[in-house]
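*Asks:* Pasting my_file29.tsv here (TSV, C-alpha atoms and all ligand atoms):
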```tsv
chain	number	residue	atom	x	y	z
A	21	MET	CA	19.09	35.09	-23.86
A	22	HIS	CA	20.06	35.39	-20.21
A	23	ALA	CA	21.62	32.41	-18.46
A	24	ALA	CA	23.49	31.93	-15.18
A	25	VAL	CA	26.64	29.81	-15.20
A	26	LEU	CA	28.84	28.49	-12.42
A	27	THR	CA	32.40	29.70	-13.03
A	28	ALA	CA	33.97	28.45	-9.77
A	29	PRO	CA	32.62	26.95	-6.53
A	30	GLY	CA	30.13	29.46	-5.10
A	31	GLN	CA	30.50	31.81	-8.12
A	32	LEU	CA	27.40	32.16	-10.28
A	33	ARG	CA	27.66	34.63	-13.20
A	34	SER	CA	24.90	36.10	-15.33
A	35	VAL	CA	25.82	35.71	-19.03
A	36	GLN	CA	24.31	36.13	-22.48
A	37	LEU	CA	24.12	32.92	-24.51
A	38	PRO	CA	22.66	32.21	-27.95
A	39	GLU	CA	19.19	30.68	-27.86
A	40	PRO	CA	19.57	26.87	-28.15
A	41	ASP	CA	18.73	25.09	-31.42
A	42	CYS	CA	15.56	23.04	-31.47
A	43	GLY	CA	16.47	19.73	-33.19
A	44	PRO	CA	13.91	17.64	-35.08
A	45	GLN	CA	13.09	15.53	-31.99
A	46	ASP	CA	13.33	18.43	-29.51
A	47	VAL	CA	11.07	21.09	-28.13
A	48	LEU	CA	12.17	24.57	-27.10
A	49	VAL	CA	10.99	25.43	-23.59
A	50	ARG	CA	10.70	28.93	-22.16
A	51	MET	CA	11.63	28.32	-18.54
A	52	ARG	CA	9.18	29.41	-15.83
A	53	GLY	CA	10.39	27.70	-12.67
A	54	LEU	CA	13.41	25.78	-11.36
A	55	GLY	CA	13.52	23.91	-8.07
A	56	LEU	CA	16.82	23.55	-6.21
A	57	CYS	CA	17.97	20.54	-4.19
A	58	GLY	CA	20.99	19.03	-2.49
A	59	THR	CA	22.41	17.87	-5.83
A	60	ASP	CA	22.52	21.49	-7.04
A	61	LEU	CA	24.14	22.51	-3.78
A	62	ALA	CA	26.83	19.84	-4.25
A	63	VAL	CA	27.69	21.24	-7.70
A	64	TYR	CA	27.45	24.86	-6.54
A	65	SER	CA	29.74	24.27	-3.55
A	66	GLY	CA	32.34	22.29	-5.53
A	67	ALA	CA	31.66	18.94	-3.81
A	68	ARG	CA	30.68	17.59	-7.26
A	69	ILE	CA	32.90	18.78	-10.07
A	70	PRO	CA	31.03	19.86	-13.24
A	71	PRO	CA	32.31	18.71	-16.66
A	72	THR	CA	33.52	22.17	-17.71
A	73	GLY	CA	34.82	25.27	-15.91
A	74	SER	CA	31.78	27.32	-16.94
A	75	TRP	CA	28.70	25.24	-16.20
A	76	LEU	CA	24.95	25.58	-16.58
A	77	MET	CA	23.32	24.00	-13.51
A	78	GLY	CA	19.72	23.08	-12.69
A	79	HIS	CA	17.52	20.03	-13.32
A	80	GLU	CA	14.11	20.50	-11.67
A	81	GLY	CA	12.59	22.63	-14.42
A	82	VAL	CA	9.16	23.58	-15.74
A	83	GLY	CA	8.11	25.93	-18.50
A	84	GLU	CA	6.12	26.48	-21.65
A	85	ILE	CA	6.82	24.99	-25.08
A	86	VAL	CA	7.50	27.78	-27.59
A	87	ALA	CA	8.75	25.69	-30.56
A	88	VAL	CA	8.41	22.05	-31.61
A	89	GLY	CA	10.85	20.01	-33.74
A	90	SER	CA	9.70	18.66	-37.11
A	91	GLN	CA	9.51	15.05	-35.84
A	92	VAL	CA	7.62	15.82	-32.61
A	93	HIS	CA	3.90	15.26	-33.06
A	94	ASP	CA	2.62	14.75	-29.52
A	95	ARG	CA	3.73	18.02	-27.94
A	96	ALA	CA	2.44	21.49	-28.92
A	97	VAL	CA	3.41	25.14	-28.66
A	98	GLY	CA	1.72	26.53	-25.55
A	99	ASP	CA	1.92	23.27	-23.55
A	100	GLN	CA	2.89	23.78	-19.92
A	101	VAL	CA	5.46	21.05	-19.22
A	102	ALA	CA	7.62	19.50	-16.54
A	103	ILE	CA	11.03	18.38	-17.78
A	104	GLU	CA	12.20	14.83	-16.99
A	105	PRO	CA	15.91	15.62	-16.59
A	106	ASN	CA	17.33	12.10	-17.03
A	107	TYR	CA	17.46	11.02	-20.65
A	108	CYS	CA	17.77	7.23	-20.91
A	109	CYS	CA	19.04	5.58	-24.10
A	110	GLY	CA	16.26	3.02	-24.45
A	111	ARG	CA	18.71	0.43	-25.85
A	112	CYS	CA	20.95	-0.83	-23.04
A	113	ARG	CA	20.23	-3.86	-20.88
A	114	ALA	CA	18.76	-1.79	-18.00
A	115	CYS	CA	16.51	0.19	-20.36
A	116	ARG	CA	15.27	-2.98	-22.02
A	117	ALA	CA	14.46	-4.32	-18.53
A	118	GLU	CA	12.38	-1.16	-17.92
A	119	LEU	CA	14.85	0.01	-15.25
A	120	THR	CA	15.81	3.16	-17.14
A	121	SER	CA	17.02	4.78	-13.91
A	122	SER	CA	20.06	2.48	-14.20
A	123	CYS	CA	20.63	3.28	-17.91
A	124	GLN	CA	24.34	2.90	-18.73
A	125	ASN	CA	24.20	5.91	-21.06
A	126	ARG	CA	22.00	8.14	-18.93
A	127	VAL	CA	22.19	11.84	-19.78
A	128	VAL	CA	21.77	13.75	-16.50
A	129	VAL	CA	20.70	17.32	-17.06
A	130	GLY	CA	22.71	19.74	-14.94
A	131	LEU	CA	25.36	17.10	-14.11
A	132	ASN	CA	26.80	15.56	-17.30
A	133	HIS	CA	24.68	17.64	-19.71
A	134	PRO	CA	24.04	21.42	-19.58
A	135	GLY	CA	21.28	22.36	-17.13
A	136	LEU	CA	18.18	24.53	-17.13
A	137	LEU	CA	19.26	27.82	-15.57
A	138	ALA	CA	18.55	29.81	-18.74
A	139	GLU	CA	15.60	31.61	-20.27
A	140	TYR	CA	15.25	28.96	-23.00
A	141	VAL	CA	16.28	25.29	-23.07
A	142	SER	CA	16.09	22.62	-25.76
A	143	VAL	CA	14.80	19.25	-24.51
A	144	PRO	CA	14.00	15.97	-26.32
A	145	GLY	CA	10.23	16.15	-26.74
A	146	ARG	CA	9.60	12.77	-25.11
A	147	PHE	CA	11.27	13.99	-21.90
A	148	THR	CA	8.76	16.84	-21.48
A	149	TRP	CA	5.43	16.07	-19.81
A	150	PRO	CA	2.45	18.31	-20.50
A	151	ALA	CA	0.45	19.33	-17.44
A	152	PRO	CA	-3.05	20.81	-17.44
A	153	PRO	CA	-3.25	24.56	-16.69
A	154	SER	CA	-5.17	23.73	-13.48
A	155	ILE	CA	-1.82	22.68	-11.92
A	156	GLY	CA	-0.17	25.80	-10.49
A	157	ILE	CA	3.48	26.62	-11.11
A	158	GLU	CA	4.44	26.01	-7.46
A	159	ASP	CA	3.09	22.45	-7.53
A	160	LEU	CA	4.53	21.78	-10.98
A	161	VAL	CA	8.03	22.89	-9.96
A	162	CYS	CA	8.05	20.05	-7.39
A	163	VAL	CA	7.17	17.31	-9.91
A	164	GLU	CA	10.73	16.01	-10.36
A	165	PRO	CA	11.62	15.44	-6.67
A	166	LEU	CA	8.05	14.31	-5.94
A	167	THR	CA	8.46	11.70	-8.68
A	168	VAL	CA	11.62	10.46	-6.93
A	169	ALA	CA	9.52	10.00	-3.76
A	170	ARG	CA	6.62	8.32	-5.56
A	171	ALA	CA	8.94	5.93	-7.40
A	172	ALA	CA	10.45	4.91	-4.03
A	173	ILE	CA	6.94	4.25	-2.69
A	174	ARG	CA	6.06	2.21	-5.79
A	175	ARG	CA	9.24	0.14	-5.53
A	176	GLY	CA	8.84	-0.34	-1.75
A	177	SER	CA	5.22	-1.45	-2.25
A	178	ALA	CA	3.94	0.84	0.52
A	179	ALA	CA	0.15	0.81	0.71
A	180	SER	CA	-2.60	2.92	2.27
A	181	THR	CA	-2.61	0.53	5.24
A	182	SER	CA	1.17	0.73	5.76
A	183	ARG	CA	2.89	2.24	8.76
A	184	CYS	CA	5.95	4.03	7.41
A	185	LEU	CA	8.97	5.73	8.91
A	186	VAL	CA	10.67	8.48	6.90
A	187	VAL	CA	14.24	9.12	8.03
A	188	GLY	CA	15.32	12.67	7.20
A	189	ALA	CA	13.05	15.66	6.52
A	190	GLY	CA	15.06	17.55	3.96
A	191	SER	CA	13.03	18.43	0.89
A	192	GLN	CA	13.11	14.80	-0.31
A	193	GLY	CA	11.89	13.53	3.06
A	194	LEU	CA	9.13	16.16	3.19
A	195	LEU	CA	7.90	15.16	-0.27
A	196	MET	CA	8.00	11.51	0.84
A	197	VAL	CA	5.82	12.40	3.86
A	198	LEU	CA	3.37	14.24	1.59
A	199	ALA	CA	3.18	11.43	-0.97
A	200	LEU	CA	2.64	8.78	1.73
A	201	ARG	CA	0.00	10.88	3.50
A	202	ALA	CA	-1.76	11.49	0.17
A	203	MET	CA	-2.23	7.74	-0.22
A	204	GLY	CA	-3.50	7.40	3.34
A	205	ALA	CA	-0.49	5.71	4.96
A	206	ARG	CA	0.45	6.40	8.57
A	207	VAL	CA	3.78	8.23	8.57
A	208	TYR	CA	6.38	8.81	11.26
A	209	VAL	CA	9.41	11.00	10.77
A	210	GLN	CA	12.91	10.93	12.26
A	211	GLU	CA	14.73	14.27	11.90
A	212	PRO	CA	17.16	15.91	14.33
A	213	HIS	CA	16.79	19.46	12.90
A	214	ASP	CA	13.87	21.19	14.71
A	215	GLY	CA	12.76	23.40	11.80
A	216	ARG	CA	12.61	20.50	9.37
A	217	ALA	CA	10.91	18.20	11.88
A	218	GLU	CA	8.22	20.84	12.51
A	219	LEU	CA	7.57	21.13	8.77
A	220	ALA	CA	7.16	17.35	8.50
A	221	LEU	CA	4.69	17.33	11.41
A	222	ALA	CA	2.76	20.20	9.80
A	223	LEU	CA	2.48	18.04	6.66
A	224	GLY	CA	0.82	15.22	8.59
A	225	ALA	CA	3.71	13.11	9.91
A	226	ARG	CA	4.02	12.00	13.53
A	227	ALA	CA	7.27	12.19	15.48
A	228	ALA	CA	9.21	8.89	15.52
A	229	ALA	CA	9.33	9.21	19.33
A	230	GLU	CA	5.56	8.48	19.32
A	231	LEU	CA	6.26	5.02	17.86
A	232	GLY	CA	7.28	3.58	21.22
A	233	ASP	CA	7.50	-0.20	20.76
A	234	ALA	CA	5.27	-0.20	17.67
A	235	GLU	CA	6.82	-1.51	14.45
A	236	ILE	CA	6.67	-0.15	10.95
A	237	ASP	CA	6.15	-1.93	7.63
A	238	VAL	CA	8.28	0.22	5.34
A	239	LEU	CA	11.26	2.45	6.10
A	240	PHE	CA	12.27	5.26	3.75
A	241	GLU	CA	15.84	6.45	4.32
A	242	THR	CA	16.26	9.89	2.72
A	243	SER	CA	19.03	11.40	4.87
A	244	GLY	CA	22.02	9.52	3.45
A	245	VAL	CA	23.49	9.48	6.97
A	246	PRO	CA	24.90	5.94	7.47
A	247	GLN	CA	24.12	5.72	11.21
A	248	ALA	CA	20.50	6.73	10.63
A	249	LEU	CA	19.77	3.54	8.72
A	250	GLY	CA	20.65	1.22	11.59
A	251	ALA	CA	18.52	3.26	14.00
A	252	GLY	CA	15.60	3.17	11.57
A	253	LEU	CA	15.90	-0.59	11.02
A	254	GLU	CA	15.32	-1.19	14.74
A	255	HIS	CA	11.72	-0.07	14.18
A	256	LEU	CA	11.18	-2.22	11.07
A	257	ALA	CA	8.90	-5.25	11.50
A	258	ALA	CA	10.09	-8.75	10.54
A	259	GLY	CA	9.69	-9.13	6.79
A	260	GLY	CA	9.65	-5.34	6.30
A	261	THR	CA	11.37	-3.35	3.58
A	262	ALA	CA	13.84	-0.49	3.92
A	263	VAL	CA	13.90	1.70	0.83
A	264	LEU	CA	17.16	3.63	0.50
A	265	VAL	CA	16.91	6.99	-1.28
A	266	GLY	CA	19.63	9.03	0.43
A	267	ILE	CA	23.13	8.44	-0.97
A	268	SER	CA	26.42	8.18	0.92
A	269	SER	CA	29.79	6.68	0.03
A	270	ARG	CA	30.52	5.86	3.66
A	271	PRO	CA	29.98	2.26	4.90
A	272	VAL	CA	26.90	1.32	6.90
A	273	ASP	CA	27.31	-0.61	10.15
A	274	LEU	CA	24.96	-3.59	9.70
A	275	THR	CA	25.21	-7.28	10.51
A	276	THR	CA	23.83	-10.01	8.29
A	277	ALA	CA	22.56	-11.63	11.51
A	278	ALA	CA	20.18	-8.71	12.10
A	279	LEU	CA	19.00	-8.78	8.49
A	280	VAL	CA	18.58	-12.55	8.28
A	281	TYR	CA	16.82	-13.05	11.61
A	282	ARG	CA	14.46	-10.15	10.91
A	283	GLN	CA	14.13	-11.06	7.19
A	284	HIS	CA	14.46	-7.44	6.15
A	285	THR	CA	14.69	-6.39	2.52
A	286	LEU	CA	17.07	-3.55	1.67
A	287	LEU	CA	16.02	-1.85	-1.56
A	288	GLY	CA	17.96	0.89	-3.32
A	289	SER	CA	15.74	3.38	-5.16
A	290	LEU	CA	17.36	5.65	-7.72
A	291	ILE	CA	15.29	8.48	-9.27
A	292	TYR	CA	12.42	7.13	-11.45
A	293	ASP	CA	11.80	5.08	-14.57
A	294	HIS	CA	10.86	6.38	-18.02
A	295	PRO	CA	8.17	6.62	-19.24
A	296	VAL	CA	5.97	5.54	-16.29
A	297	ASP	CA	6.75	7.65	-13.27
A	298	PHE	CA	6.59	11.27	-14.50
A	299	PRO	CA	3.13	11.07	-16.08
A	300	SER	CA	1.89	9.14	-13.03
A	301	THR	CA	2.89	12.08	-10.81
A	302	ILE	CA	1.30	14.62	-13.13
A	303	ARG	CA	-1.96	12.63	-13.09
A	304	ALA	CA	-1.90	12.67	-9.26
A	305	LEU	CA	-1.50	16.47	-9.34
A	306	ALA	CA	-4.24	16.85	-11.96
A	307	ARG	CA	-6.60	14.83	-9.71
A	308	ASP	CA	-5.65	17.21	-6.88
A	309	GLU	CA	-4.52	14.27	-4.71
A	310	ILE	CA	-1.40	16.09	-3.58
A	311	ARG	CA	-0.16	19.70	-3.40
A	312	PRO	CA	3.63	19.43	-3.24
A	313	GLY	CA	4.10	23.22	-3.54
A	314	VAL	CA	3.62	23.44	0.24
A	315	VAL	CA	7.25	22.32	0.67
A	316	LEU	CA	8.49	25.47	-1.13
A	317	GLN	CA	9.78	27.90	1.47
A	318	ALA	CA	11.76	30.46	-0.52
A	319	ARG	CA	11.17	31.96	-3.98
A	320	TYR	CA	13.86	33.93	-5.83
A	321	PRO	CA	13.62	35.79	-9.14
A	322	PHE	CA	15.99	34.55	-11.88
A	323	ARG	CA	18.20	37.65	-11.48
A	324	GLU	CA	18.86	36.57	-7.86
A	325	ALA	CA	19.84	32.99	-8.78
A	326	ALA	CA	23.12	33.26	-6.83
A	327	GLU	CA	21.23	34.09	-3.61
A	328	ALA	CA	18.89	31.16	-4.27
A	329	PHE	CA	21.76	28.66	-4.49
A	330	ALA	CA	23.46	30.16	-1.43
A	331	SER	CA	20.22	29.65	0.55
A	332	VAL	CA	19.73	25.93	-0.21
A	333	ALA	CA	21.63	24.65	2.83
A	334	GLU	CA	19.89	27.03	5.27
A	335	VAL	CA	16.26	27.00	4.15
A	336	PRO	CA	14.17	24.12	5.57
A	337	GLY	CA	11.96	22.92	2.71
A	338	LYS	CA	12.74	23.85	-0.87
A	339	ALA	CA	14.03	27.00	-2.52
A	340	TRP	CA	13.08	27.74	-6.13
A	341	ILE	CA	13.74	30.24	-8.88
A	342	SER	CA	10.90	31.94	-10.73
A	343	PHE	CA	11.57	33.15	-14.27
A	344	ASP	CA	8.25	35.04	-14.32
A	345	ASP	CA	9.23	37.71	-11.78
B	401	ZN	ZN	16.94	17.63	-7.50
B	402	ZN	ZN	19.84	2.78	-21.47
```
Show me the file's structure as structure tokens.
Ligand SMILES: [Zn+2]
Ligand SMILES: [Zn+2]

*Replies:*
Amino acid sequence: MHAAVLTAPGQLRSVQLPEPDCGPQDVLVRMRGLGLCGTDLAVYSGARIPPTGSWLMGHEGVGEIVAVGSQVHDRAVGDQVAIEPNYCCGRCRACRAELTSSCQNRVVVGLNHPGLLAEYVSVPGRFTWPAPPSIGIEDLVCVEPLTVARAAIRRGSAASTSRCLVVGAGSQGLLMVLALRAMGARVYVQEPHDGRAELALALGARAAAELGDAEIDVLFETSGVPQALGAGLEHLAAGGTAVLVGISSRPVDLTTAALVYRQHTLLGSLIYDHPVDFPSTIRALARDEIRPGVVLQARYPFREAAEAFASVAEVPGKAWISFDD
């Protein structure tokens, strides 16, 4: 089968690999679509070092099941599935506390485990989620990052009556805007890049400048820019929650005085928890509550995977790879 592997920063090579084995608890998936995000860009550019010198990237994958392991009884050949690319162990303390996102033994597809940029991939059956055929490929390919957004909303307890501020309108911020709008919340967006800000407004957000002196109930920080958090917190009402999704290793300039007097809650939100969040997102898509495919701005055929990765930093919205073309 065809696969594309990263051989050096910025160097993606097309290779032939043997089709993966389908173990007793696995399913074999014929890939149809792969979304790209900042994490992929970090690996592609060399900012994150992959485990081996020749590395299969990609984690936001969807496809069709073409073979089922002998011990898998609840998935079937022909199922259209989204892949949950974080395999938790189910045994550690975090898993037992139903916080599988913090699993100590988490297998992260595309980062510490080979990724999905191949014609066929083998996946543990319980980490594939069947989706009805009524959900189009472009919406399905956004399920993984949309689930990150919806898990943040769940953890931050945002409601339909909430006023929310989304900081950053990269693809994660755009999906956050969409998910909040889909539940009826009022959403403001803070984004310095004009193209991205325009996309967020087109998806139903209002510019943060319109807030004036009004306060918000929940802040979603998706940019990972340390200074942006402090600016966002100035809009947060007393007793409000700031949900942190963007990741940075640089310190944030905050005083405990500001937090204590305003009684703000800072809440880190990492990916999503198994097995609740993925099927919840797929049900929302099946009910046609949300059409996340609108954030896709660039589609590349599999044979142009290198161009797709090179575009991630420039394209506002999401780029994706289609294996059907
Ligand atoms: Zn991603
Ligand atoms: Zn675990």

*Asks:* Would you list the residues that come within 8 Å of ligand ZN 402 (chain B)? Count only C-alpha atoms and all ligand atoms and give the answer as an NGL selection string.

*Replies:* :A and (108-116 or 120 or 122-126)

*Asks:* Quick one: of A:Gly130, A:Gly89, A:Gly58, A:Gly135, who's nearest to ligand ZN 401 (chain B), counting only C-alpha atoms and all ligand atoms?

*Replies:*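 Residue with the minimum atom-to-atom distance to ligand ZN 401 (chain B): A:Gly58.
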
*Asks:* Residues up to 9 Å from ligand ZN 401 (chain B), counting all atoms listed in the file: could you list those as a list in words?

*Replies:*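 Listing the residues within 9 Å of ligand ZN 401 (chain B) gives Gly55, Leu56, Cys57, Gly58, Thr59, Asp60, Gly78, His79, Glu80, Glu164, Pro165, Val168 and Gln192 of chain A.
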
*Asks:* Quick one: everything within 9 Å of A:Trp149, counting only C-alpha atoms, minus sequence neighbours fewer than 6 positions away in the same chain. Send it as a VMD selection string.

*Replies:* chain A and resid 95 99 to 104 298 to 299 302

*Asks:* Report as JSON, numbers by chain all protein, DNA and RNA residues lying within 7 Å of A:Leu264, evaluated on only C-alpha atoms, omitting residues in the same chain fewer than 6 positions from it.

*Replies:* {"A": [240, 241, 242, 287, 288, 289]}

*Asks:* Start from the incomplete input, build N, CA, C and O atoms for stretch 218-235 of chain A, and deliver everything as a PDB file, in the coordinates of the input.

*Replies:*
```pdb
ATOM      1  N   GLU A 218       9.509  20.137  12.367  1.00  0.00           N
ATOM      2  CA  GLU A 218       8.220  20.840  12.510  1.00  0.00           C
ATOM      3  C   GLU A 218       7.473  20.872  11.185  1.00  0.00           C
ATOM      4  O   GLU A 218       6.256  20.706  11.137  1.00  0.00           O
ATOM      5  N   LEU A 219       8.212  21.121  10.090  1.00  0.00           N
ATOM      6  CA  LEU A 219       7.570  21.130   8.770  1.00  0.00           C
ATOM      7  C   LEU A 219       6.940  19.770   8.470  1.00  0.00           C
ATOM      8  O   LEU A 219       5.813  19.695   7.989  1.00  0.00           O
ATOM      9  N   ALA A 220       7.672  18.699   8.773  1.00  0.00           N
ATOM     10  CA  ALA A 220       7.160  17.350   8.500  1.00  0.00           C
ATOM     11  C   ALA A 220       5.888  17.088   9.308  1.00  0.00           C
ATOM     12  O   ALA A 220       4.926  16.510   8.802  1.00  0.00           O
ATOM     13  N   LEU A 221       5.877  17.540  10.584  1.00  0.00           N
ATOM     14  CA  LEU A 221       4.690  17.330  11.410  1.00  0.00           C
ATOM     15  C   LEU A 221       3.521  18.138  10.854  1.00  0.00           C
ATOM     16  O   LEU A 221       2.378  17.662  10.802  1.00  0.00           O
ATOM     17  N   ALA A 222       3.816  19.359  10.372  1.00  0.00           N
ATOM     18  CA  ALA A 222       2.760  20.200   9.800  1.00  0.00           C
ATOM     19  C   ALA A 222       2.171  19.549   8.542  1.00  0.00           C
ATOM     20  O   ALA A 222       1.026  19.811   8.180  1.00  0.00           O
ATOM     21  N   LEU A 223       2.958  18.702   7.877  1.00  0.00           N
ATOM     22  CA  LEU A 223       2.480  18.040   6.660  1.00  0.00           C
ATOM     23  C   LEU A 223       1.784  16.713   6.954  1.00  0.00           C
ATOM     24  O   LEU A 223       1.425  15.975   6.049  1.00  0.00           O
ATOM     25  N   GLY A 224       1.624  16.404   8.249  1.00  0.00           N
ATOM     26  CA  GLY A 224       0.820  15.220   8.590  1.00  0.00           C
ATOM     27  C   GLY A 224       1.603  14.043   9.133  1.00  0.00           C
ATOM     28  O   GLY A 224       1.020  12.985   9.376  1.00  0.00           O
ATOM     29  N   ALA A 225       2.923  14.210   9.323  1.00  0.00           N
ATOM     30  CA  ALA A 225       3.710  13.110   9.910  1.00  0.00           C
ATOM     31  C   ALA A 225       3.589  13.157  11.435  1.00  0.00           C
ATOM     32  O   ALA A 225       3.207  14.181  12.010  1.00  0.00           O
ATOM     33  N   ARG A 226       3.914  12.037  12.076  1.00  0.00           N
ATOM     34  CA  ARG A 226       4.020  12.000  13.530  1.00  0.00           C
ATOM     35  C   ARG A 226       5.502  11.856  13.876  1.00  0.00           C
ATOM     36  O   ARG A 226       6.258  11.299  13.087  1.00  0.00           O
ATOM     37  N   ALA A 227       5.869  12.316  15.063  1.00  0.00           N
ATOM     38  CA  ALA A 227       7.270  12.190  15.480  1.00  0.00           C
ATOM     39  C   ALA A 227       7.605  10.722  15.726  1.00  0.00           C
ATOM     40  O   ALA A 227       6.790   9.982  16.271  1.00  0.00           O
ATOM     41  N   ALA A 228       8.803  10.284  15.333  1.00  0.00           N
ATOM     42  CA  ALA A 228       9.210   8.890  15.520  1.00  0.00           C
ATOM     43  C   ALA A 228       9.166   8.508  17.000  1.00  0.00           C
ATOM     44  O   ALA A 228       8.925   7.348  17.328  1.00  0.00           O
ATOM     45  N   ALA A 229       9.368   9.491  17.893  1.00  0.00           N
ATOM     46  CA  ALA A 229       9.330   9.210  19.330  1.00  0.00           C
ATOM     47  C   ALA A 229       7.971   8.646  19.745  1.00  0.00           C
ATOM     48  O   ALA A 229       7.876   7.899  20.723  1.00  0.00           O
ATOM     49  N   GLU A 230       6.914   8.981  18.999  1.00  0.00           N
ATOM     50  CA  GLU A 230       5.560   8.480  19.320  1.00  0.00           C
ATOM     51  C   GLU A 230       5.410   6.991  19.003  1.00  0.00           C
ATOM     52  O   GLU A 230       4.420   6.377  19.395  1.00  0.00           O
ATOM     53  N   LEU A 231       6.367   6.435  18.254  1.00  0.00           N
ATOM     54  CA  LEU A 231       6.260   5.020  17.860  1.00  0.00           C
ATOM     55  C   LEU A 231       6.306   4.097  19.079  1.00  0.00           C
ATOM     56  O   LEU A 231       5.629   3.077  19.105  1.00  0.00           O
ATOM     57  N   GLY A 232       7.122   4.467  20.068  1.00  0.00           N
ATOM     58  CA  GLY A 232       7.280   3.580  21.220  1.00  0.00           C
ATOM     59  C   GLY A 232       7.786   2.217  20.753  1.00  0.00           C
ATOM     60  O   GLY A 232       8.760   2.134  20.008  1.00  0.00           O
ATOM     61  N   ASP A 233       7.096   1.153  21.154  1.00  0.00           N
ATOM     62  CA  ASP A 233       7.500  -0.200  20.760  1.00  0.00           C
ATOM     63  C   ASP A 233       6.843  -0.636  19.452  1.00  0.00           C
ATOM     64  O   ASP A 233       7.088  -1.747  18.980  1.00  0.00           O
ATOM     65  N   ALA A 234       5.986   0.191  18.894  1.00  0.00           N
ATOM     66  CA  ALA A 234       5.270  -0.200  17.670  1.00  0.00           C
ATOM     67  C   ALA A 234       6.258  -0.362  16.516  1.00  0.00           C
ATOM     68  O   ALA A 234       7.287   0.303  16.458  1.00  0.00           O
ATOM     69  N   GLU A 235       5.940  -1.253  15.595  1.00  0.00           N
ATOM     70  CA  GLU A 235       6.820  -1.510  14.450  1.00  0.00           C
ATOM     71  C   GLU A 235       6.232  -0.920  13.184  1.00  0.00           C
ATOM     72  O   GLU A 235       5.024  -0.694  13.090  1.00  0.00           O
TER      73      GLU A 235
END
```
